[in-house]
Amino acid sequence: MLCTTTTQLIGQTPIMSIAVPNRDATLVLKIEKNNPGGSMKDRMARSMVCAALEDGRLAAGGTIVESSSGNTGIGLALAALEFGLRFIAVVDHHAAPDKIRTMRALGAEIRYVEGDFREDEVAVVERQRLAAQLGAQLPGALFMNQSDNPANPEGYAGFVEELLAQLPNGIDAFVGCVGTGGSMTGIAQRLKRHNPAVRTIAVEPAGSIVFGKPGHPYYQSGTGTPAGDEVGKVLDFGCIDEGVQVTDTQAFETARYIARRKGLLVGGSTGGTIYKALEFIAAGKLFGTVVTPVADGGEKYLGSVFDDEWMAKRGLLDPAIADQLDAWLAARACAA
């Protein structure tokens, strides 16, 4: 197929397997960072824009407004270019600088929220407030509100269709991040419709409040729900078999490990899902074909997750995590 727009490149992302020795399981990564905007959020961003144009909430020449830590914003910037729309991204200091640079390069307008926030504090509440205000005040504008937008989970239909075609022998478990709940809900619901026995594990950062644990600041970007915010209305808890937390150190050290052992740069939140998937496999809680998406690429975090000085300054380095991953993947035994 000869594509004529960048958004036609969304989807058909490849898969890569990681064998887990001495276990009846294979971890399969779906490389969603190969989407044109560099993340799985491209899928839902275009879905939300198409739905808004179709039902008249957004008209030709209108303005999209959204609160984003970066990946949704990049996807919306691509969709805005396709349909001739203006896009305003409301961000905070927590967004990776390269994500903001990418949105600007694609023509997005950037609005920072004001306020005195800790470095590891996600200012989602203030972002949402400002985005809603701009959406109400600007003529022809629409606050996309991904947390409550039903077109968010609907955008992942293609993800599941591709997986079922790529893995014809079946999928036994899915491990994914949970933030607004769009990807987890859209993917888990469809997998369970195809096979109700599929195990679904949702991973949030330690400090997130999605599954009722006490909230505290965290560094993982674009995932979880921080204290003070509300869990998105799109999240369907009924399609999730288990919700778990992963620490920043576990997530980031795993991302660094995958880069150095497998040659694949994955984002911090993906490091978290890989860590928990391997932990569950090692404990005998998951078996067969276990899928987790590479939600975005590590290229966006070279100045943070993959920077030794940045990690050390924040007390996030822990060589014991690599030792644990070696044990789960029997890396030392293979090397010997």
# chains A, B, ... in the order shown; residues from 1 in each chain; ligands from 1
>>> residues_around(residues="Leu302 in chain A", least_positions_apart="2", cutoff="12 Å", atoms="only C-alpha atoms", output="PyMOL selection string")
chain A and resi 96-99+252+255-256+259+265-268+297-300+304-311
>>> residues_around(residues="Ile110 in chain A", least_positions_apart="2", cutoff="10 Å", atoms="only C-alpha atoms", output="list in words")
Gly73, Phe87, Ile88, Ala89, Val90, Val91, Asp92, Ile100, Arg101, Met103, Arg104, Gly107, Ala108, Tyr112 and Val113 of chain A
>>> atom_distance(atom1="CA of Gly224 in chain A", atom2="CA of Ser208 in chain A")
5.2 Å
>>> closest_residue(among="A:Ala206, A:Leu278, A:Ala131, A:Ile74", to="Met40 in chain A", atoms="only C-alpha atoms")
A:Ile74
>>> atom_distance(atom1="CA of Gly272 in chain A", atom2="CA of Pro168 in chain A")
26.7 Å
>>> residues_around(residues="Ala295 in chain A", least_positions_apart="5", cutoff="9 Å", atoms="only C-alpha atoms", output="PDB file with all heavy atoms, in the first residue's frame")
ATOM      1  N   LYS A  30       4.809  -6.013  21.352  1.00  0.00           N
ATOM      2  CA  LYS A  30       4.280  -5.392  20.129  1.00  0.00           C
ATOM      3  C   LYS A  30       4.878  -4.001  20.058  1.00  0.00           C
ATOM      4  O   LYS A  30       4.655  -3.163  20.948  1.00  0.00           O
ATOM      5  CB  LYS A  30       2.748  -5.353  20.134  1.00  0.00           C
ATOM      6  CG  LYS A  30       2.176  -4.868  18.797  1.00  0.00           C
ATOM      7  CD  LYS A  30       0.754  -5.352  18.597  1.00  0.00           C
ATOM      8  CE  LYS A  30       0.098  -4.744  17.358  1.00  0.00           C
ATOM      9  NZ  LYS A  30       0.800  -5.088  16.093  1.00  0.00           N
ATOM     10  N   ILE A  31       5.635  -3.753  19.009  1.00  0.00           N
ATOM     11  CA  ILE A  31       6.503  -2.575  18.948  1.00  0.00           C
ATOM     12  C   ILE A  31       5.713  -1.342  18.492  1.00  0.00           C
ATOM     13  O   ILE A  31       5.830  -0.869  17.353  1.00  0.00           O
ATOM     14  CB  ILE A  31       7.727  -2.824  18.049  1.00  0.00           C
ATOM     15  CG1 ILE A  31       8.337  -4.201  18.330  1.00  0.00           C
ATOM     16  CG2 ILE A  31       8.766  -1.721  18.259  1.00  0.00           C
ATOM     17  CD1 ILE A  31       8.855  -4.377  19.750  1.00  0.00           C
ATOM     18  N   GLU A  32       4.915  -0.812  19.400  1.00  0.00           N
ATOM     19  CA  GLU A  32       4.055   0.327  19.082  1.00  0.00           C
ATOM     20  C   GLU A  32       4.827   1.632  18.894  1.00  0.00           C
ATOM     21  O   GLU A  32       4.287   2.597  18.350  1.00  0.00           O
ATOM     22  CB  GLU A  32       3.010   0.497  20.180  1.00  0.00           C
ATOM     23  CG  GLU A  32       1.900  -0.524  20.138  1.00  0.00           C
ATOM     24  CD  GLU A  32       0.989  -0.323  18.935  1.00  0.00           C
ATOM     25  OE1 GLU A  32       0.138   0.581  18.965  1.00  0.00           O
ATOM     26  OE2 GLU A  32       1.142  -1.079  17.955  1.00  0.00           O
ATOM     27  N   LYS A  33       6.085   1.644  19.287  1.00  0.00           N
ATOM     28  CA  LYS A  33       6.873   2.852  19.045  1.00  0.00           C
ATOM     29  C   LYS A  33       7.139   3.048  17.545  1.00  0.00           C
ATOM     30  O   LYS A  33       7.593   4.102  17.133  1.00  0.00           O
ATOM     31  CB  LYS A  33       8.190   2.808  19.809  1.00  0.00           C
ATOM     32  CG  LYS A  33       9.264   1.892  19.253  1.00  0.00           C
ATOM     33  CD  LYS A  33      10.574   2.124  20.000  1.00  0.00           C
ATOM     34  CE  LYS A  33      11.742   1.438  19.315  1.00  0.00           C
ATOM     35  NZ  LYS A  33      13.022   1.851  19.905  1.00  0.00           N
ATOM     36  N   GLY A  38       5.500   7.722  17.202  1.00  0.00           N
ATOM     37  CA  GLY A  38       6.397   7.101  18.158  1.00  0.00           C
ATOM     38  C   GLY A  38       5.736   6.431  19.335  1.00  0.00           C
ATOM     39  O   GLY A  38       6.423   6.055  20.288  1.00  0.00           O
ATOM     40  N   SER A  39       4.406   6.259  19.311  1.00  0.00           N
ATOM     41  CA  SER A  39       3.741   5.608  20.443  1.00  0.00           C
ATOM     42  C   SER A  39       2.410   5.001  20.027  1.00  0.00           C
ATOM     43  O   SER A  39       1.872   5.299  18.949  1.00  0.00           O
ATOM     44  CB  SER A  39       3.502   6.597  21.592  1.00  0.00           C
ATOM     45  OG  SER A  39       2.308   7.328  21.396  1.00  0.00           O
ATOM     46  N   MET A  40       1.847   4.174  20.923  1.00  0.00           N
ATOM     47  CA  MET A  40       0.543   3.571  20.671  1.00  0.00           C
ATOM     48  C   MET A  40      -0.573   4.607  20.727  1.00  0.00           C
ATOM     49  O   MET A  40      -1.678   4.370  20.223  1.00  0.00           O
ATOM     50  CB  MET A  40       0.287   2.441  21.661  1.00  0.00           C
ATOM     51  CG  MET A  40       0.116   2.842  23.093  1.00  0.00           C
ATOM     52  SD  MET A  40       0.172   1.412  24.238  1.00  0.00           S
ATOM     53  CE  MET A  40      -1.142   0.364  23.606  1.00  0.00           C
ATOM     54  N   LYS A  41      -0.304   5.767  21.321  1.00  0.00           N
ATOM     55  CA  LYS A  41      -1.330   6.805  21.449  1.00  0.00           C
ATOM     56  C   LYS A  41      -1.754   7.384  20.100  1.00  0.00           C
ATOM     57  O   LYS A  41      -2.796   8.033  20.003  1.00  0.00           O
ATOM     58  CB  LYS A  41      -0.827   7.922  22.367  1.00  0.00           C
ATOM     59  CG  LYS A  41      -0.551   7.507  23.810  1.00  0.00           C
ATOM     60  CD  LYS A  41      -1.819   7.144  24.541  1.00  0.00           C
ATOM     61  CE  LYS A  41      -1.579   6.880  26.020  1.00  0.00           C
ATOM     62  NZ  LYS A  41      -1.269   8.091  26.786  1.00  0.00           N
ATOM     63  N   GLY A 176      -0.398  -4.550  30.433  1.00  0.00           N
ATOM     64  CA  GLY A 176      -0.297  -3.202  29.882  1.00  0.00           C
ATOM     65  C   GLY A 176      -0.339  -2.135  30.948  1.00  0.00           C
ATOM     66  O   GLY A 176      -0.740  -2.380  32.089  1.00  0.00           O
ATOM     67  N   CYS A 177       0.093  -0.943  30.576  1.00  0.00           N
ATOM     68  CA  CYS A 177       0.014   0.217  31.467  1.00  0.00           C
ATOM     69  C   CYS A 177      -1.435   0.656  31.615  1.00  0.00           C
ATOM     70  O   CYS A 177      -2.255   0.456  30.716  1.00  0.00           O
ATOM     71  CB  CYS A 177       0.794   1.393  30.879  1.00  0.00           C
ATOM     72  SG  CYS A 177       2.550   1.120  30.694  1.00  0.00           S
ATOM     73  N   VAL A 266      13.118   1.206  24.905  1.00  0.00           N
ATOM     74  CA  VAL A 266      11.711   1.325  25.288  1.00  0.00           C
ATOM     75  C   VAL A 266      11.583   2.410  26.349  1.00  0.00           C
ATOM     76  O   VAL A 266      12.527   2.715  27.079  1.00  0.00           O
ATOM     77  CB  VAL A 266      11.153  -0.013  25.829  1.00  0.00           C
ATOM     78  CG1 VAL A 266      11.391  -1.126  24.825  1.00  0.00           C
ATOM     79  CG2 VAL A 266      11.763  -0.381  27.173  1.00  0.00           C
ATOM     80  N   GLY A 267      10.400   2.993  26.437  1.00  0.00           N
ATOM     81  CA  GLY A 267      10.143   4.024  27.436  1.00  0.00           C
ATOM     82  C   GLY A 267      10.050   3.449  28.837  1.00  0.00           C
ATOM     83  O   GLY A 267       9.946   2.231  29.036  1.00  0.00           O
ATOM     84  N   SER A 269       7.636   3.532  31.140  1.00  0.00           N
ATOM     85  CA  SER A 269       6.421   2.794  31.508  1.00  0.00           C
ATOM     86  C   SER A 269       6.432   1.393  30.910  1.00  0.00           C
ATOM     87  O   SER A 269       5.958   0.431  31.530  1.00  0.00           O
ATOM     88  CB  SER A 269       5.170   3.557  31.067  1.00  0.00           C
ATOM     89  OG  SER A 269       5.127   3.686  29.659  1.00  0.00           O
ATOM     90  N   THR A 270       6.992   1.244  29.712  1.00  0.00           N
ATOM     91  CA  THR A 270       7.121  -0.086  29.117  1.00  0.00           C
ATOM     92  C   THR A 270       8.086  -0.940  29.919  1.00  0.00           C
ATOM     93  O   THR A 270       7.865  -2.148  30.096  1.00  0.00           O
ATOM     94  CB  THR A 270       7.581   0.012  27.655  1.00  0.00           C
ATOM     95  OG1 THR A 270       6.584   0.708  26.904  1.00  0.00           O
ATOM     96  CG2 THR A 270       7.814  -1.363  27.048  1.00  0.00           C
TER      97      THR A 270
END
>>> decode(residues="range 292-335 of chain A", atoms="N, CA and C atoms", output="PDB file, in the first residue's frame")
ATOM      1  N   THR A 292       2.888  -7.748  25.797  1.00  0.00           N
ATOM      2  CA  THR A 292       2.910  -6.392  26.361  1.00  0.00           C
ATOM      3  C   THR A 292       3.340  -5.434  25.255  1.00  0.00           C
ATOM      4  N   PRO A 293       2.731  -4.262  25.170  1.00  0.00           N
ATOM      5  CA  PRO A 293       3.111  -3.318  24.115  1.00  0.00           C
ATOM      6  C   PRO A 293       4.314  -2.470  24.502  1.00  0.00           C
ATOM      7  N   VAL A 294       5.150  -2.184  23.530  1.00  0.00           N
ATOM      8  CA  VAL A 294       6.166  -1.148  23.708  1.00  0.00           C
ATOM      9  C   VAL A 294       5.442   0.162  23.429  1.00  0.00           C
ATOM     10  N   ALA A 295       4.871   0.734  24.502  1.00  0.00           N
ATOM     11  CA  ALA A 295       3.958   1.880  24.363  1.00  0.00           C
ATOM     12  C   ALA A 295       4.609   3.063  23.679  1.00  0.00           C
ATOM     13  N   ASP A 296       5.877   3.303  24.002  1.00  0.00           N
ATOM     14  CA  ASP A 296       6.653   4.312  23.273  1.00  0.00           C
ATOM     15  C   ASP A 296       8.126   3.955  23.383  1.00  0.00           C
ATOM     16  N   GLY A 297       8.963   4.724  22.697  1.00  0.00           N
ATOM     17  CA  GLY A 297      10.377   4.390  22.619  1.00  0.00           C
ATOM     18  C   GLY A 297      11.238   5.151  23.608  1.00  0.00           C
ATOM     19  N   GLY A 298      12.356   4.552  23.956  1.00  0.00           N
ATOM     20  CA  GLY A 298      13.285   5.190  24.878  1.00  0.00           C
ATOM     21  C   GLY A 298      13.992   6.397  24.310  1.00  0.00           C
ATOM     22  N   GLU A 299      13.878   6.601  22.988  1.00  0.00           N
ATOM     23  CA  GLU A 299      14.518   7.761  22.377  1.00  0.00           C
ATOM     24  C   GLU A 299      14.026   9.076  22.985  1.00  0.00           C
ATOM     25  N   LYS A 300      12.826   9.056  23.551  1.00  0.00           N
ATOM     26  CA  LYS A 300      12.255  10.264  24.148  1.00  0.00           C
ATOM     27  C   LYS A 300      12.760  10.507  25.569  1.00  0.00           C
ATOM     28  N   TYR A 301      13.544   9.570  26.099  1.00  0.00           N
ATOM     29  CA  TYR A 301      13.970   9.659  27.499  1.00  0.00           C
ATOM     30  C   TYR A 301      15.493   9.524  27.646  1.00  0.00           C
ATOM     31  N   LEU A 302      16.216   9.897  26.601  1.00  0.00           N
ATOM     32  CA  LEU A 302      17.675   9.791  26.656  1.00  0.00           C
ATOM     33  C   LEU A 302      18.267  10.719  27.708  1.00  0.00           C
ATOM     34  N   GLY A 303      17.581  11.818  27.999  1.00  0.00           N
ATOM     35  CA  GLY A 303      18.064  12.761  29.005  1.00  0.00           C
ATOM     36  C   GLY A 303      17.588  12.456  30.405  1.00  0.00           C
ATOM     37  N   SER A 304      16.841  11.377  30.578  1.00  0.00           N
ATOM     38  CA  SER A 304      16.335  11.026  31.916  1.00  0.00           C
ATOM     39  C   SER A 304      16.597   9.557  32.211  1.00  0.00           C
ATOM     40  N   VAL A 305      15.708   8.677  31.786  1.00  0.00           N
ATOM     41  CA  VAL A 305      15.821   7.254  32.113  1.00  0.00           C
ATOM     42  C   VAL A 305      17.173   6.672  31.705  1.00  0.00           C
ATOM     43  N   PHE A 306      17.709   7.104  30.563  1.00  0.00           N
ATOM     44  CA  PHE A 306      18.953   6.525  30.056  1.00  0.00           C
ATOM     45  C   PHE A 306      20.177   7.379  30.366  1.00  0.00           C
ATOM     46  N   ASP A 307      20.014   8.348  31.241  1.00  0.00           N
ATOM     47  CA  ASP A 307      21.124   9.202  31.650  1.00  0.00           C
ATOM     48  C   ASP A 307      21.553   8.822  33.069  1.00  0.00           C
ATOM     49  N   ASP A 308      22.772   8.311  33.220  1.00  0.00           N
ATOM     50  CA  ASP A 308      23.241   7.833  34.526  1.00  0.00           C
ATOM     51  C   ASP A 308      23.187   8.919  35.586  1.00  0.00           C
ATOM     52  N   GLU A 309      23.603  10.129  35.215  1.00  0.00           N
ATOM     53  CA  GLU A 309      23.646  11.218  36.190  1.00  0.00           C
ATOM     54  C   GLU A 309      22.239  11.585  36.659  1.00  0.00           C
ATOM     55  N   TRP A 310      21.303  11.657  35.726  1.00  0.00           N
ATOM     56  CA  TRP A 310      19.915  11.981  36.079  1.00  0.00           C
ATOM     57  C   TRP A 310      19.351  10.914  37.015  1.00  0.00           C
ATOM     58  N   MET A 311      19.583   9.660  36.705  1.00  0.00           N
ATOM     59  CA  MET A 311      19.078   8.567  37.532  1.00  0.00           C
ATOM     60  C   MET A 311      19.718   8.575  38.921  1.00  0.00           C
ATOM     61  N   ALA A 312      21.035   8.757  38.967  1.00  0.00           N
ATOM     62  CA  ALA A 312      21.743   8.731  40.252  1.00  0.00           C
ATOM     63  C   ALA A 312      21.316   9.875  41.152  1.00  0.00           C
ATOM     64  N   LYS A 313      21.126  11.048  40.578  1.00  0.00           N
ATOM     65  CA  LYS A 313      20.741  12.233  41.356  1.00  0.00           C
ATOM     66  C   LYS A 313      19.407  12.021  42.053  1.00  0.00           C
ATOM     67  N   ARG A 314      18.548  11.199  41.470  1.00  0.00           N
ATOM     68  CA  ARG A 314      17.208  10.972  42.025  1.00  0.00           C
ATOM     69  C   ARG A 314      17.100   9.644  42.781  1.00  0.00           C
ATOM     70  N   GLY A 315      18.246   8.990  42.961  1.00  0.00           N
ATOM     71  CA  GLY A 315      18.259   7.754  43.723  1.00  0.00           C
ATOM     72  C   GLY A 315      17.517   6.611  43.062  1.00  0.00           C
ATOM     73  N   LEU A 316      17.523   6.572  41.728  1.00  0.00           N
ATOM     74  CA  LEU A 316      16.750   5.581  40.998  1.00  0.00           C
ATOM     75  C   LEU A 316      17.576   4.417  40.458  1.00  0.00           C
ATOM     76  N   LEU A 317      18.893   4.461  40.646  1.00  0.00           N
ATOM     77  CA  LEU A 317      19.740   3.369  40.178  1.00  0.00           C
ATOM     78  C   LEU A 317      19.742   2.221  41.186  1.00  0.00           C
ATOM     79  N   ASP A 318      19.636   1.008  40.689  1.00  0.00           N
ATOM     80  CA  ASP A 318      19.683  -0.166  41.557  1.00  0.00           C
ATOM     81  C   ASP A 318      20.140  -1.368  40.729  1.00  0.00           C
ATOM     82  N   PRO A 319      21.428  -1.740  40.806  1.00  0.00           N
ATOM     83  CA  PRO A 319      21.935  -2.868  40.008  1.00  0.00           C
ATOM     84  C   PRO A 319      21.268  -4.191  40.346  1.00  0.00           C
ATOM     85  N   ALA A 320      20.621  -4.282  41.497  1.00  0.00           N
ATOM     86  CA  ALA A 320      19.942  -5.530  41.868  1.00  0.00           C
ATOM     87  C   ALA A 320      18.799  -5.847  40.911  1.00  0.00           C
ATOM     88  N   ILE A 321      18.230  -4.824  40.268  1.00  0.00           N
ATOM     89  CA  ILE A 321      17.140  -5.070  39.312  1.00  0.00           C
ATOM     90  C   ILE A 321      17.670  -5.848  38.114  1.00  0.00           C
ATOM     91  N   ALA A 322      18.831  -5.468  37.596  1.00  0.00           N
ATOM     92  CA  ALA A 322      19.425  -6.204  36.475  1.00  0.00           C
ATOM     93  C   ALA A 322      19.757  -7.630  36.881  1.00  0.00           C
ATOM     94  N   ASP A 323      20.231  -7.821  38.103  1.00  0.00           N
ATOM     95  CA  ASP A 323      20.513  -9.175  38.587  1.00  0.00           C
ATOM     96  C   ASP A 323      19.233 -10.010  38.610  1.00  0.00           C
ATOM     97  N   GLN A 324      18.139  -9.395  39.052  1.00  0.00           N
ATOM     98  CA  GLN A 324      16.862 -10.106  39.091  1.00  0.00           C
ATOM     99  C   GLN A 324      16.391 -10.467  37.681  1.00  0.00           C
ATOM    100  N   LEU A 325      16.531  -9.532  36.753  1.00  0.00           N
ATOM    101  CA  LEU A 325      16.134  -9.795  35.374  1.00  0.00           C
ATOM    102  C   LEU A 325      17.011 -10.876  34.750  1.00  0.00           C
ATOM    103  N   ASP A 326      18.311 -10.863  35.059  1.00  0.00           N
ATOM    104  CA  ASP A 326      19.204 -11.921  34.590  1.00  0.00           C
ATOM    105  C   ASP A 326      18.723 -13.281  35.080  1.00  0.00           C
ATOM    106  N   ALA A 327      18.342 -13.333  36.328  1.00  0.00           N
ATOM    107  CA  ALA A 327      17.882 -14.602  36.908  1.00  0.00           C
ATOM    108  C   ALA A 327      16.606 -15.085  36.223  1.00  0.00           C
ATOM    109  N   TRP A 328      15.668 -14.158  35.979  1.00  0.00           N
ATOM    110  CA  TRP A 328      14.408 -14.538  35.328  1.00  0.00           C
ATOM    111  C   TRP A 328      14.636 -14.998  33.903  1.00  0.00           C
ATOM    112  N   LEU A 329      15.583 -14.344  33.214  1.00  0.00           N
ATOM    113  CA  LEU A 329      15.830 -14.669  31.814  1.00  0.00           C
ATOM    114  C   LEU A 329      17.014 -15.615  31.632  1.00  0.00           C
ATOM    115  N   ALA A 330      17.607 -16.056  32.739  1.00  0.00           N
ATOM    116  CA  ALA A 330      18.718 -17.002  32.714  1.00  0.00           C
ATOM    117  C   ALA A 330      19.850 -16.517  31.824  1.00  0.00           C
ATOM    118  N   ALA A 331      20.080 -15.202  31.829  1.00  0.00           N
ATOM    119  CA  ALA A 331      21.095 -14.626  30.952  1.00  0.00           C
ATOM    120  C   ALA A 331      22.495 -15.137  31.287  1.00  0.00           C
ATOM    121  N   ARG A 332      22.795 -15.291  32.564  1.00  0.00           N
ATOM    122  CA  ARG A 332      24.138 -15.729  32.961  1.00  0.00           C
ATOM    123  C   ARG A 332      24.359 -17.178  32.557  1.00  0.00           C
ATOM    124  N   ALA A 333      23.326 -18.006  32.729  1.00  0.00           N
ATOM    125  CA  ALA A 333      23.464 -19.409  32.365  1.00  0.00           C
ATOM    126  C   ALA A 333      23.737 -19.557  30.860  1.00  0.00           C
ATOM    127  N   CYS A 334      23.074 -18.730  30.050  1.00  0.00           N
ATOM    128  CA  CYS A 334      23.273 -18.779  28.608  1.00  0.00           C
ATOM    129  C   CYS A 334      24.681 -18.328  28.240  1.00  0.00           C
ATOM    130  N   ALA A 335      25.146 -17.265  28.949  1.00  0.00           N
ATOM    131  CA  ALA A 335      26.468 -16.734  28.666  1.00  0.00           C
ATOM    132  C   ALA A 335      27.548 -17.749  29.007  1.00  0.00           C
TER     133      ALA A 335
END
